[in-house]
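Source file: target-v7.pdb (PDB, C-alpha atoms and all ligand atoms)
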ATOM      1  CA  MET A 779     -63.097  47.781 -46.797
ATOM      2  CA  THR A 780     -61.481  49.731 -49.628
ATOM      3  CA  THR A 781     -58.202  48.588 -51.161
ATOM      4  CA  ASN A 782     -56.408  51.368 -49.336
ATOM      5  CA  GLN A 783     -57.917  50.349 -46.031
ATOM      6  CA  LEU A 784     -56.910  46.763 -46.708
ATOM      7  CA  HIS A 785     -53.336  47.842 -47.363
ATOM      8  CA  GLN A 786     -53.344  49.922 -44.201
ATOM      9  CA  GLN A 787     -54.735  47.051 -42.160
ATOM     10  CA  ALA A 788     -52.015  44.728 -43.478
ATOM     11  CA  TRP A 789     -49.380  47.259 -42.468
ATOM     12  CA  GLN A 790     -50.909  47.728 -39.026
ATOM     13  CA  PHE A 791     -51.052  43.994 -38.380
ATOM     14  CA  ARG A 792     -47.404  43.758 -39.362
ATOM     15  CA  GLN A 793     -46.522  46.581 -36.967
ATOM     16  CA  ILE A 794     -48.014  44.728 -34.036
ATOM     17  CA  GLY A 795     -45.971  41.685 -34.910
ATOM     18  CA  LEU A 796     -48.168  39.316 -36.918
ATOM     19  CA  SER A 797     -46.473  37.009 -39.430
ATOM     20  CA  TRP A 798     -47.127  37.561 -43.138
ATOM     21  CA  ALA A 799     -48.937  34.206 -43.248
ATOM     22  CA  GLU A 800     -51.214  35.256 -40.415
ATOM     23  CA  ILE A 801     -51.951  38.611 -42.038
ATOM     24  CA  ALA A 802     -52.742  36.857 -45.334
ATOM     25  CA  MET A 803     -55.137  34.540 -43.554
ATOM     26  CA  ARG A 804     -56.907  37.297 -41.636
ATOM     27  CA  LEU A 805     -57.324  39.609 -44.605
ATOM     28  CA  GLY A 806     -57.929  37.029 -47.302
ATOM     29  CA  PHE A 807     -54.746  37.365 -49.347
ATOM     30  CA  ARG A 808     -53.761  34.240 -51.267
ATOM     31  CA  GLY A 809     -50.309  34.063 -49.752
ATOM     32  CA  GLU A 810     -47.624  35.768 -47.765
ATOM     33  CA  SER A 811     -46.329  37.785 -50.686
ATOM     34  CA  GLY A 812     -49.771  39.334 -51.208
ATOM     35  CA  ALA A 813     -49.839  40.483 -47.597
ATOM     36  CA  ARG A 814     -46.297  41.828 -47.847
ATOM     37  CA  THR A 815     -47.034  43.723 -51.066
ATOM     38  CA  ALA A 816     -50.140  45.292 -49.531
ATOM     39  CA  ALA A 817     -48.299  46.424 -46.388
ATOM     40  CA  ASN A 818     -45.464  47.875 -48.438
ATOM     41  CA  ARG A 819     -47.886  49.723 -50.749
ATOM     42  CA  TYR A 820     -49.357  51.415 -47.713
ATOM     43  CA  ALA A 821     -45.891  52.201 -46.334
ATOM     44  CA  GLU A 822     -44.933  53.765 -49.677
ATOM     45  CA  SER A 823     -48.130  55.808 -49.867
ATOM     46  CA  GLN A 824     -47.377  57.270 -46.441
ATOM     47  CA  GLY A 825     -43.681  57.784 -47.012
ATOM     48  CA  PHE A 826     -42.830  55.183 -44.336
ATOM     49  CA  ALA A 827     -39.927  52.822 -44.594
ATOM     50  CA  HIS A 828     -40.822  49.322 -45.762
ATOM     51  CA  ASP A 829     -41.392  47.038 -42.849
ATOM     52  CA  TYR A 830     -39.038  44.118 -42.918
ATOM     53  CA  VAL A 831     -39.176  43.574 -39.161
ATOM     54  CA  HIS A 832     -39.556  39.905 -38.365
ATOM     55  CA  PRO A 833     -42.210  39.315 -35.748
ATOM     56  CA  PRO A 834     -41.104  37.555 -32.568
ATOM     57  CA  GLN A 835     -41.415  33.833 -33.040
ATOM     58  CA  ALA A 836     -43.661  31.894 -30.722
ATOM     59  CA  GLY A 837     -41.867  29.500 -28.421
ATOM     60  CA  ARG A 838     -38.500  31.154 -28.888
ATOM     61  CA  ARG A 839     -39.052  34.076 -26.604
ATOM     62  CA  LYS A 840     -36.003  35.072 -24.635
ATOM     63  CA  ASN A 841     -35.850  37.334 -21.628
ATOM     64  CA  ARG A 842     -35.563  41.001 -22.508
ATOM     65  CA  THR A 843     -31.982  42.254 -22.483
ATOM     66  CA  PHE A 844     -30.886  45.051 -20.196
ATOM     67  CA  GLY A 845     -27.757  46.963 -19.331
ATOM     68  CA  THR A 846     -26.983  49.167 -16.344
ATOM     69  CA  GLU A 847     -24.819  52.201 -15.643
ATOM     70  CA  LEU A 848     -24.184  52.712 -11.935
ATOM     71  CA  GLU A 849     -22.662  56.065 -11.052
ATOM     72  CA  PHE A 850     -20.522  56.414  -7.933
ATOM     73  CA  ILE A 851     -18.248  59.006  -6.345
ATOM     74  CA  ASP A 852     -15.017  59.118  -4.300
ATOM     75  CA  ALA A 853     -13.646  55.592  -4.872
ATOM     76  CA  LYS A 854     -10.790  55.107  -7.351
ATOM     77  CA  ARG A 855     -11.976  53.690 -10.651
ATOM     78  CA  ASP A 856      -9.019  51.294 -10.685
ATOM     79  CA  ASP A 857     -10.038  49.899  -7.289
ATOM     80  CA  VAL A 858     -13.632  49.433  -8.426
ATOM     81  CA  ALA A 859     -12.402  47.514 -11.485
ATOM     82  CA  VAL A 860     -10.444  45.148  -9.212
ATOM     83  CA  ALA A 861     -13.541  44.611  -7.045
ATOM     84  CA  ILE A 862     -15.617  43.752 -10.111
ATOM     85  CA  GLU A 863     -12.961  41.263 -11.204
ATOM     86  CA  GLN A 864     -13.354  39.603  -7.800
ATOM     87  CA  ALA A 865     -17.138  39.512  -8.172
ATOM     88  CA  LEU A 866     -16.861  37.913 -11.607
ATOM     89  CA  ALA A 867     -14.295  35.391 -10.357
ATOM     90  CA  SER A 868     -16.633  34.411  -7.523
ATOM     91  CA  LEU A 869     -19.210  33.419 -10.148
ATOM     92  CA  GLY A 870     -16.738  31.685 -12.426
ATOM     93  CA  SER A 871     -17.433  34.254 -15.145
ATOM     94  CA  ALA A 872     -15.669  34.100 -18.509
ATOM     95  CA  GLN A 873     -14.585  37.732 -18.085
ATOM     96  CA  THR A 874     -11.424  37.935 -15.961
ATOM     97  CA  HIS A 875     -10.215  41.458 -16.797
ATOM     98  CA  VAL A 876     -12.204  44.618 -16.083
ATOM     99  CA  ALA A 877     -11.013  47.686 -17.947
ATOM    100  CA  VAL A 878     -11.043  51.264 -16.769
ATOM    101  CA  VAL A 879     -11.822  53.518 -19.712
ATOM    102  CA  GLU A 880     -12.340  57.169 -20.545
ATOM    103  CA  TYR A 881     -15.895  58.377 -21.174
ATOM    104  CA  HIS A 882     -17.152  56.037 -23.917
ATOM    105  CA  GLY A 883     -13.547  54.823 -24.254
ATOM    106  CA  LYS A 884     -12.685  51.502 -25.817
ATOM    107  CA  THR A 885      -9.225  50.751 -24.413
ATOM    108  CA  CYS A 886      -8.098  49.995 -20.896
ATOM    109  CA  ILE A 887      -6.228  52.830 -19.155
ATOM    110  CA  ARG A 888      -5.998  51.155 -15.738
ATOM    111  CA  ARG A 889      -2.643  51.856 -14.110
ATOM    112  CA  ASN A 890      -0.238  48.930 -13.961
ATOM    113  CA  CYS A 891      -2.818  46.744 -15.639
ATOM    114  CA  ASN A 892      -1.193  43.742 -17.252
ATOM    115  CA  CYS A 893      -3.624  43.809 -20.189
ATOM    116  CA  GLY A 894      -1.390  46.285 -22.030
ATOM    117  CA  GLY A 895      -4.192  48.678 -22.919
ATOM    118  CA  ILE A 896      -6.402  46.064 -24.504
ATOM    119  CA  ARG A 897      -9.402  47.049 -26.623
ATOM    120  CA  ILE A 898     -12.614  45.943 -24.909
ATOM    121  CA  ASN A 899     -15.902  44.547 -26.154
ATOM    122  CA  GLY A 900     -18.567  46.742 -24.543
ATOM    123  CA  LYS A 901     -21.401  44.355 -25.366
ATOM    124  CA  LYS A 902     -19.758  41.510 -23.478
ATOM    125  CA  GLU A 903     -17.585  43.077 -20.803
ATOM    126  CA  TRP A 904     -18.093  44.929 -17.564
ATOM    127  CA  ARG A 905     -16.057  48.143 -17.413
ATOM    128  CA  VAL A 906     -15.549  51.244 -15.284
ATOM    129  CA  GLU A 907     -15.872  54.568 -17.069
ATOM    130  CA  ARG A 908     -14.984  58.148 -16.315
ATOM    131  CA  ASP A 909     -18.085  60.328 -16.221
ATOM    132  CA  GLY A 910     -18.061  64.119 -16.417
ATOM    133  CA  SER A 911     -20.769  64.648 -13.824
ATOM    134  CA  VAL A 912     -19.383  62.431 -11.044
ATOM    135  CA  SER A 913     -15.655  61.904 -11.708
ATOM    136  CA  ASN A 914     -12.943  63.829  -9.942
ATOM    137  CA  GLY A 915      -9.486  62.882 -11.182
ATOM    138  CA  GLU A 916      -9.080  59.127 -10.820
ATOM    139  CA  HIS A 917     -12.047  58.997  -8.477
ATOM    140  CA  GLY A 918     -15.713  58.461  -9.217
ATOM    141  CA  GLY A 919     -17.302  57.276 -12.430
ATOM    142  CA  GLU A 920     -19.720  54.648 -13.552
ATOM    143  CA  ILE A 921     -19.820  50.884 -13.567
ATOM    144  CA  VAL A 922     -21.103  49.883 -16.981
ATOM    145  CA  SER A 923     -22.483  46.395 -17.520
ATOM    146  CA  PRO A 924     -22.406  44.329 -20.686
ATOM    147  CA  ILE A 925     -25.700  43.163 -22.186
ATOM    148  CA  LEU A 926     -27.445  41.116 -19.495
ATOM    149  CA  ARG A 927     -30.665  39.156 -19.353
ATOM    150  CA  GLY A 928     -32.902  37.199 -17.021
ATOM    151  CA  LYS A 929     -32.143  35.777 -13.608
ATOM    152  CA  GLU A 930     -28.529  35.094 -14.557
ATOM    153  CA  GLY A 931     -28.054  38.769 -15.412
ATOM    154  CA  LEU A 932     -29.526  39.905 -12.090
ATOM    155  CA  LYS A 933     -27.267  37.466 -10.245
ATOM    156  CA  VAL A 934     -24.126  38.940 -11.824
ATOM    157  CA  LEU A 935     -25.397  42.480 -11.279
ATOM    158  CA  THR A 936     -25.990  41.701  -7.601
ATOM    159  CA  ALA A 937     -22.488  40.254  -7.146
ATOM    160  CA  VAL A 938     -20.880  43.229  -8.878
ATOM    161  CA  ILE A 939     -22.742  45.733  -6.706
ATOM    162  CA  LYS A 940     -21.952  43.833  -3.494
ATOM    163  CA  HIS A 941     -18.240  43.757  -4.280
ATOM    164  CA  ALA A 942     -18.133  47.365  -5.503
ATOM    165  CA  LYS A 943     -19.805  48.496  -2.311
ATOM    166  CA  MET A 944     -16.824  47.265  -0.277
ATOM    167  CA  VAL A 945     -14.301  49.444  -2.135
ATOM    168  CA  ASP A 946     -12.626  52.132   0.005
ATOM    169  CA  ASP A 947     -14.483  55.452   0.052
ATOM    170  CA  ILE A 948     -17.115  54.435  -2.494
ATOM    171  CA  ALA A 949     -20.289  56.467  -2.131
ATOM    172  CA  VAL A 950     -23.370  57.592  -3.977
ATOM    173  CA  ASP A 951     -24.787  61.072  -3.603
ATOM    174  CA  ARG A 952     -27.406  63.253  -5.215
ATOM    175  CA  ARG A 953     -25.299  63.752  -8.334
ATOM    176  CA  CYS A 954     -25.389  60.030  -9.103
ATOM    177  CA  GLY A 955     -27.916  58.280 -11.287
ATOM    178  CA  LEU A 956     -28.746  54.724 -12.238
ATOM    179  CA  HIS A 957     -29.363  54.360 -15.959
ATOM    180  CA  VAL A 958     -30.946  51.230 -17.395
ATOM    181  CA  HIS A 959     -30.950  50.339 -21.094
ATOM    182  CA  LEU A 960     -33.713  47.988 -22.186
ATOM    183  CA  GLY A 961     -33.218  46.071 -25.416
ATOM    184  CA  THR A 962     -36.053  46.766 -27.878
ATOM    185  CA  SER A 963     -34.742  45.228 -31.097
ATOM    186  CA  ASP A 964     -37.407  42.539 -30.750
ATOM    187  CA  MET A 965     -40.131  45.164 -31.131
ATOM    188  CA  THR A 966     -41.838  46.621 -34.155
ATOM    189  CA  GLY A 967     -42.122  50.399 -34.458
ATOM    190  CA  LEU A 968     -45.649  50.406 -33.103
ATOM    191  CA  GLN A 969     -44.637  48.328 -30.108
ATOM    192  CA  ARG A 970     -41.720  50.613 -29.357
ATOM    193  CA  ALA A 971     -43.984  53.635 -29.726
ATOM    194  CA  ASN A 972     -46.328  51.950 -27.293
ATOM    195  CA  VAL A 973     -43.551  51.792 -24.697
ATOM    196  CA  VAL A 974     -43.313  55.587 -24.983
ATOM    197  CA  ARG A 975     -47.093  55.904 -24.816
ATOM    198  CA  GLN A 976     -47.204  53.728 -21.705
ATOM    199  CA  TRP A 977     -44.344  55.650 -20.095
ATOM    200  CA  TRP A 978     -46.280  58.863 -20.693
ATOM    201  CA  LYS A 979     -49.425  57.339 -19.204
ATOM    202  CA  HIS A 980     -47.617  55.998 -16.117
ATOM    203  CA  GLN A 981     -44.930  58.659 -15.612
ATOM    204  CA  ILE A 982     -46.568  60.753 -12.925
ATOM    205  CA  GLU A 983     -48.749  58.324 -11.042
ATOM    206  CA  THR A 984     -46.903  55.011 -11.299
ATOM    207  CA  ILE A 985     -43.237  55.726 -11.971
ATOM    208  CA  ASP A 986     -42.464  59.004 -10.176
ATOM    209  CA  PRO A 987     -43.622  57.668  -6.783
ATOM    210  CA  MET A 988     -40.986  54.876  -6.990
ATOM    211  CA  ILE A 989     -38.195  57.452  -7.419
ATOM    212  CA  VAL A 990     -36.767  59.951  -4.946
ATOM    213  CA  LYS A 991     -38.482  63.334  -5.179
ATOM    214  CA  ARG A 992     -35.408  65.144  -6.517
ATOM    215  CA  ARG A 993     -35.520  63.064  -9.702
ATOM    216  CA  ARG A 994     -39.192  63.621 -10.478
ATOM    217  CA  ASN A 995     -40.739  66.268 -12.721
ATOM    218  CA  ARG A 996     -38.110  68.778 -13.793
ATOM    219  CA  GLU A 997     -36.019  68.788 -10.650
ATOM    220  CA  ASN A 998     -32.967  67.162 -12.242
ATOM    221  CA  GLN A 999     -31.426  68.351 -15.507
ATOM    222  CA  TYR A1000     -30.193  64.844 -16.375
ATOM    223  CA  CYS A1001     -33.584  63.170 -16.229
ATOM    224  CA  PHE A1002     -36.234  65.792 -17.019
ATOM    225  CA  ARG A1003     -39.777  64.640 -17.432
ATOM    226  CA  PRO A1004     -40.532  64.958 -21.169
ATOM    227  CA  SER A1005     -43.161  67.513 -22.135
ATOM    228  CA  ASP A1006     -46.428  66.367 -23.725
ATOM    229  CA  ASP A1007     -45.131  67.732 -27.036
ATOM    230  CA  GLU A1008     -41.975  65.657 -26.735
ATOM    231  CA  PHE A1009     -43.922  62.497 -25.960
ATOM    232  CA  ASN A1010     -46.176  63.170 -28.951
ATOM    233  CA  ASN A1011     -43.267  63.852 -31.280
ATOM    234  CA  TRP A1012     -41.430  60.716 -30.184
ATOM    235  CA  ILE A1013     -44.470  58.513 -30.691
ATOM    236  CA  GLN A1014     -45.074  59.934 -34.161
ATOM    237  CA  ALA A1015     -41.418  59.668 -35.156
ATOM    238  CA  ILE A1016     -41.127  56.083 -33.961
ATOM    239  CA  GLU A1017     -44.388  55.021 -35.589
ATOM    240  CA  ARG A1018     -43.350  56.687 -38.822
ATOM    241  CA  SER A1019     -39.829  55.371 -39.188
ATOM    242  CA  GLY A1020     -39.735  52.520 -36.684
ATOM    243  CA  ARG A1021     -36.519  53.990 -35.394
ATOM    244  CA  GLY A1022     -37.256  57.107 -33.466
ATOM    245  CA  ALA A1023     -35.521  60.351 -33.547
ATOM    246  CA  GLY A1024     -31.818  60.779 -32.935
ATOM    247  CA  TYR A1025     -32.066  64.544 -32.711
ATOM    248  CA  GLN A1026     -34.175  64.521 -29.547
ATOM    249  CA  GLU A1027     -32.876  65.388 -26.109
ATOM    250  CA  ARG A1028     -31.343  62.445 -24.287
ATOM    251  CA  THR A1029     -31.368  63.882 -20.764
ATOM    252  CA  ARG A1030     -34.940  62.807 -20.104
ATOM    253  CA  SER A1031     -36.471  60.277 -17.699
ATOM    254  CA  LEU A1032     -36.904  58.103 -20.806
ATOM    255  CA  ASN A1033     -34.258  58.543 -23.508
ATOM    256  CA  VAL A1034     -35.352  57.539 -27.007
ATOM    257  CA  THR A1035     -32.141  58.600 -28.737
ATOM    258  CA  SER A1036     -30.348  55.413 -27.728
ATOM    259  CA  PHE A1037     -32.397  53.268 -30.118
ATOM    260  CA  PRO A1038     -30.701  54.251 -33.392
ATOM    261  CA  LYS A1039     -27.305  53.716 -31.705
ATOM    262  CA  TYR A1040     -27.834  50.649 -29.538
ATOM    263  CA  GLY A1041     -31.299  49.254 -30.224
ATOM    264  CA  THR A1042     -32.328  50.209 -26.687
ATOM    265  CA  LEU A1043     -34.505  52.687 -24.881
ATOM    266  CA  GLU A1044     -32.715  54.135 -21.873
ATOM    267  CA  VAL A1045     -34.411  54.877 -18.572
ATOM    268  CA  ARG A1046     -32.424  57.552 -16.755
ATOM    269  CA  GLN A1047     -34.754  58.477 -13.944
ATOM    270  CA  HIS A1048     -33.616  56.342 -11.021
ATOM    271  CA  GLU A1049     -31.280  57.797  -8.414
ATOM    272  CA  GLY A1050     -27.821  56.305  -8.053
ATOM    273  CA  SER A1051     -27.666  53.298  -5.760
ATOM    274  CA  LEU A1052     -25.354  50.543  -4.599
ATOM    275  CA  ASN A1053     -28.222  48.664  -3.014
ATOM    276  CA  ALA A1054     -28.483  45.485  -5.078
ATOM    277  CA  THR A1055     -32.055  44.766  -4.006
ATOM    278  CA  LYS A1056     -33.180  48.240  -5.011
ATOM    279  CA  VAL A1057     -31.371  48.174  -8.346
ATOM    280  CA  CYS A1058     -32.626  44.694  -9.261
ATOM    281  CA  ALA A1059     -36.224  45.541  -8.308
ATOM    282  CA  TRP A1060     -36.103  48.566 -10.611
ATOM    283  CA  VAL A1061     -34.654  46.523 -13.470
ATOM    284  CA  GLN A1062     -37.343  43.874 -12.992
ATOM    285  CA  PHE A1063     -40.053  46.512 -13.003
ATOM    286  CA  LEU A1064     -38.711  47.981 -16.234
ATOM    287  CA  VAL A1065     -38.484  44.615 -17.977
ATOM    288  CA  ALA A1066     -42.085  43.878 -16.922
ATOM    289  CA  PHE A1067     -43.208  47.330 -18.028
ATOM    290  CA  PHE A1068     -41.582  47.027 -21.464
ATOM    291  CA  ASP A1069     -42.887  43.484 -21.991
ATOM    292  CA  HIS A1070     -46.338  44.673 -21.077
ATOM    293  CA  ALA A1071     -46.195  47.637 -23.447
ATOM    294  CA  LYS A1072     -44.982  45.397 -26.249
ATOM    295  CA  ALA A1073     -47.890  43.034 -25.728
ATOM    296  CA  MET A1074     -50.341  45.950 -26.105
ATOM    297  CA  GLU A1075     -52.199  45.129 -22.911
ATOM    298  CA  HIS A1076     -52.318  48.805 -22.031
ATOM    299  CA  ASP A1077     -56.009  49.012 -21.336
ATOM    300  CA  GLU A1078     -55.719  46.425 -18.599
ATOM    301  CA  VAL A1079     -53.211  48.208 -16.403
ATOM    302  CA  PRO A1080     -54.385  51.096 -14.232
ATOM    303  CA  VAL A1081     -51.945  53.746 -12.999
ATOM    304  CA  GLY A1082     -50.528  53.991  -9.485
ATOM    305  CA  LEU A1083     -49.749  51.134  -7.134
ATOM    306  CA  ALA A1084     -52.476  49.125  -8.870
ATOM    307  CA  ALA A1085     -50.181  48.950 -11.909
ATOM    308  CA  LEU A1086     -47.808  46.755  -9.919
ATOM    309  CA  ASP A1087     -50.619  44.390  -8.950
ATOM    310  CA  ALA A1088     -51.792  44.248 -12.553
ATOM    311  CA  LEU A1089     -48.299  43.436 -13.852
ATOM    312  CA  GLN A1090     -48.055  40.721 -11.227
ATOM    313  CA  GLN A1091     -51.425  39.265 -12.215
ATOM    314  CA  LEU A1092     -50.265  39.232 -15.833
ATOM    315  CA  GLY A1093     -47.321  37.120 -14.674
ATOM    316  CA  ARG A1094     -44.755  39.725 -15.653
ATOM    317  CA  ILE A1095     -43.263  40.423 -12.216
ATOM    318  CA  ASP A1096     -42.994  38.390  -9.032
ATOM    319  CA  VAL A1097     -44.768  39.127  -5.768
ATOM    320  CA  GLU A1098     -41.568  39.800  -3.762
ATOM    321  CA  THR A1099     -40.506  42.517  -6.187
ATOM    322  CA  VAL A1100     -43.984  44.050  -6.149
ATOM    323  CA  THR A1101     -44.006  44.079  -2.354
ATOM    324  CA  TYR A1102     -40.587  45.722  -2.288
ATOM    325  CA  LEU A1103     -41.564  48.396  -4.822
ATOM    326  CA  LYS A1104     -44.787  49.155  -2.957
ATOM    327  CA  GLN A1105     -42.949  49.571   0.347
ATOM    328  CA  ARG A1106     -40.495  51.874  -1.358
ATOM    329  CA  THR A1107     -43.300  53.940  -2.879
ATOM    330  CA  VAL A1108     -44.927  54.347   0.515
ATOM    331  CA  ALA A1109     -41.584  55.257   2.130
ATOM    332  CA  LEU A1110     -40.887  57.926  -0.512
ATOM    333  CA  ALA A1111     -44.339  59.504  -0.359
TER     334      ALA A1111
HETATM  335 ZN    ZN B1201      -6.513  46.510 -18.397
END
Take the structure in the file and write it out as structure tokens.
Amino acid sequence: MTTNQLHQQAWQFRQIGLSWAEIAMRLGFRGESGARTAANRYAESQGFAHDYVHPPQAGRRKNRTFGTELEFIDAKRDDVAVAIEQALASLGSAQTHVAVVEYHGKTCIRRNCNCGGIRINGKKEWRVERDGSVSNGEHGGEIVSPILRGKEGLKVLTAVIKHAKMVDDIAVDRRCGLHVHLGTSDMTGLQRANVVRQWWKHQIETIDPMIVKRRRNRENQYCFRPSDDEFNNWIQAIERSGRGAGYQERTRSLNVTSFPKYGTLEVRQHEGSLNATKVCAWVQFLVAFFDHAKAMEHDEVPVGLAALDALQQLGRIDVETVTYLKQRTVALA
């Protein structure tokens, strides 16, 4: 191995999440600093940013974070906020006030709300937002979750959906989407690029069949299937900078522009729904899919329904969710 190859190998090991100590041991450097210097030399030679990403630490793995945006029509946003407050109260949640905000707004504009137009914390609080594509006056919008994770997160999401569903006139139609943000700050650039690579591999045969036909391919302008060129460009940009490209189009089935802003990749493909089982199954699939892509097990998972079995065998998704998703795929065929 030449010196350059050694430097490149150190960098590559770092990208897939090895510790500096582990890289030093594998490549024969005397210590961590030798491994770090080698990786950074390679990064410099290629014009890449230095890699200071800390690899995930064994034994301290937390469930992947997620956030949801549930679009709805016809119901008053103020009424939906009240329903969410009831859902949160039923769980004894710390959040007792649910704001209604403008699109990407930060302060509550709910009528007669006793909060006095309080500024909200979007990472920690549920809110109801106006949304250009589904709002009509005070009616319609999206329920935006805070950062959620694990079983506890799905439990809150379920309660919120069940309460929202009981609001007068609330409905979901073909204009509505369900957007899911998956936290990817725990990933290195190569791992994040691998999520894109896996999405590309599974888009048509695994993912599309779980989604209504009108949101596959290029049927819907808000969740277009990326072109092969786009997929390629994203992968290269993310591998190069570790961040991905803010200038890309966001209205794709997979939106990579959310990473520089929020540390997430956003999946926009699913149709709007106020069916808690359906929404939670999709979220669980996505968490499993992202975890799998991060772990670089890509050669083990075939496309199609077999992907669900493989993810289950890898222990990333439970059998009930797999059964549900398979039934849905068959029903949508
Ligand atoms: Zn308020």
Neighbouring residues of ligand ZN 1201 (chain B) are defined here as those with any atom at most 6 Å from a ligand atom, counting all atoms listed in the file; list them as a ChimeraX atom specification.
/A:877,886,888,891,893,895
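Ranking A:Asn995, A:Glu1008, A:Thr984, A:Glu1027 by their shortest atom-to-atom distance to Phe1067 of chain A, with all atoms listed in the file included, puts A:Thr984 first.
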Set the distance at 10 Å and use only C-alpha atoms: which residues neighbour segment 845-852 of chain A once local chain neighbours fewer than 2 positions away are removed? I'd like the list as a PyMOL selection string.
chain A and resi 843+854-855+858+901+904-909+911-927+931+935+939+942-943+945-951+953-961+1042+1044-1046+1049-1052+1057+1061
Care to translate the PyMOL selection byres (((chain A and resi 1111) around 9) and not hetatm) into actual residues of this file, as a PyMOL selection string?
chain A and resi 987-988+990-991+1106-1110
Give as a short mmCIF file (atom, residue, chain, number, x, y, z; two decimals) with C-alpha atoms, keeping the file's coordinate frame the residues that the PyMOL selection byres (((chain A and resi 1028) around 12) and not hetatm) matches when applied to the coordinates above.
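Dumped everything to part23.cif:
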data_model
loop_
_atom_site.label_atom_id
_atom_site.label_comp_id
_atom_site.auth_asym_id
_atom_site.auth_seq_id
_atom_site.Cartn_x
_atom_site.Cartn_y
_atom_site.Cartn_z
CA HIS A 957 -29.36 54.36 -15.96
CA GLN A 999 -31.43 68.35 -15.51
CA TYR A 1000 -30.19 64.84 -16.38
CA CYS A 1001 -33.58 63.17 -16.23
CA PHE A 1002 -36.23 65.79 -17.02
CA ARG A 1003 -39.78 64.64 -17.43
CA PRO A 1004 -40.53 64.96 -21.17
CA GLU A 1008 -41.98 65.66 -26.74
CA TRP A 1012 -41.43 60.72 -30.18
CA ALA A 1023 -35.52 60.35 -33.55
CA GLY A 1024 -31.82 60.78 -32.94
CA TYR A 1025 -32.07 64.54 -32.71
CA GLN A 1026 -34.17 64.52 -29.55
CA GLU A 1027 -32.88 65.39 -26.11
CA THR A 1029 -31.37 63.88 -20.76
CA ARG A 1030 -34.94 62.81 -20.10
CA SER A 1031 -36.47 60.28 -17.70
CA LEU A 1032 -36.90 58.10 -20.81
CA ASN A 1033 -34.26 58.54 -23.51
CA VAL A 1034 -35.35 57.54 -27.01
CA THR A 1035 -32.14 58.60 -28.74
CA SER A 1036 -30.35 55.41 -27.73
CA PHE A 1037 -32.40 53.27 -30.12
CA LEU A 1043 -34.51 52.69 -24.88
CA GLU A 1044 -32.72 54.14 -21.87
CA VAL A 1045 -34.41 54.88 -18.57
CA ARG A 1046 -32.42 57.55 -16.76
CA GLN A 1047 -34.75 58.48 -13.94
#
Long-range neighbours of Gln1091 of chain A as an MDAnalysis selection string, 12 Å cut-off, all atoms listed in the file, 3 positions minimum in chain:
chainID A and resid 1066 1070 1078:1079 1084:1088 1094:1097 1100
Atom CA of Leu796 of chain A sits from atom CA of Leu968 of chain A at a separation of 12.0 Å
Please measure the separation of atom CA of Lys1072 of chain A and atom CA of Gln793 of chain A, giving the value in Å to one decimal.
10.9 Å
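Between Ser811 of chain A and the residues A:Lys840, A:Ala799, A:Thr962, A:Lys1056, the shortest atom-to-atom distance, using all atoms listed in the file, involves A:Ala799.
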Expand the PyMOL selection byres (((chain A and resi 875) around 12) and not hetatm) into the individual residues it matches in the shown file, reporting them as an mmCIF file with C-alpha atoms, in the frame of the given file.
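File produced: expr_33.cif:
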data_model
loop_
_atom_site.group_PDB
_atom_site.id
_atom_site.type_symbol
_atom_site.label_atom_id
_atom_site.label_comp_id
_atom_site.auth_asym_id
_atom_site.auth_seq_id
_atom_site.Cartn_x
_atom_site.Cartn_y
_atom_site.Cartn_z
ATOM 1 C CA ASP A 856 -9.019 51.294 -10.685
ATOM 2 C CA ALA A 859 -12.402 47.514 -11.485
ATOM 3 C CA VAL A 860 -10.444 45.148 -9.212
ATOM 4 C CA ALA A 861 -13.541 44.611 -7.045
ATOM 5 C CA ILE A 862 -15.617 43.752 -10.111
ATOM 6 C CA GLU A 863 -12.961 41.263 -11.204
ATOM 7 C CA GLN A 864 -13.354 39.603 -7.800
ATOM 8 C CA ALA A 865 -17.138 39.512 -8.172
ATOM 9 C CA LEU A 866 -16.861 37.913 -11.607
ATOM 10 C CA ALA A 867 -14.295 35.391 -10.357
ATOM 11 C CA SER A 871 -17.433 34.254 -15.145
ATOM 12 C CA ALA A 872 -15.669 34.100 -18.509
ATOM 13 C CA GLN A 873 -14.585 37.732 -18.085
ATOM 14 C CA THR A 874 -11.424 37.935 -15.961
ATOM 15 C CA VAL A 876 -12.204 44.618 -16.083
ATOM 16 C CA ALA A 877 -11.013 47.686 -17.947
ATOM 17 C CA VAL A 878 -11.043 51.264 -16.769
ATOM 18 C CA CYS A 886 -8.098 49.995 -20.896
ATOM 19 C CA ARG A 888 -5.998 51.155 -15.738
ATOM 20 C CA CYS A 891 -2.818 46.744 -15.639
ATOM 21 C CA ASN A 892 -1.193 43.742 -17.252
ATOM 22 C CA CYS A 893 -3.624 43.809 -20.189
ATOM 23 C CA GLY A 894 -1.390 46.285 -22.030
ATOM 24 C CA GLY A 895 -4.192 48.678 -22.919
ATOM 25 C CA ILE A 896 -6.402 46.064 -24.504
ATOM 26 C CA ARG A 897 -9.402 47.049 -26.623
ATOM 27 C CA ILE A 898 -12.614 45.943 -24.909
ATOM 28 C CA ASN A 899 -15.902 44.547 -26.154
ATOM 29 C CA LYS A 902 -19.758 41.510 -23.478
ATOM 30 C CA GLU A 903 -17.585 43.077 -20.803
ATOM 31 C CA TRP A 904 -18.093 44.929 -17.564
ATOM 32 C CA ARG A 905 -16.057 48.143 -17.413
ATOM 33 C CA VAL A 906 -15.549 51.244 -15.284
#
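Distance annotation: of A:Gln824, A:Leu1092, A:Ile794, A:Ser868, the residue with the minimal separation from Ala937 of chain A is A:Ser868; atom set is all atoms listed in the file.
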Coordinates-based distance that separates atom CA of His785 of chain A from atom CA of Ala816 of chain A (Å, one decimal):
4.6 Å
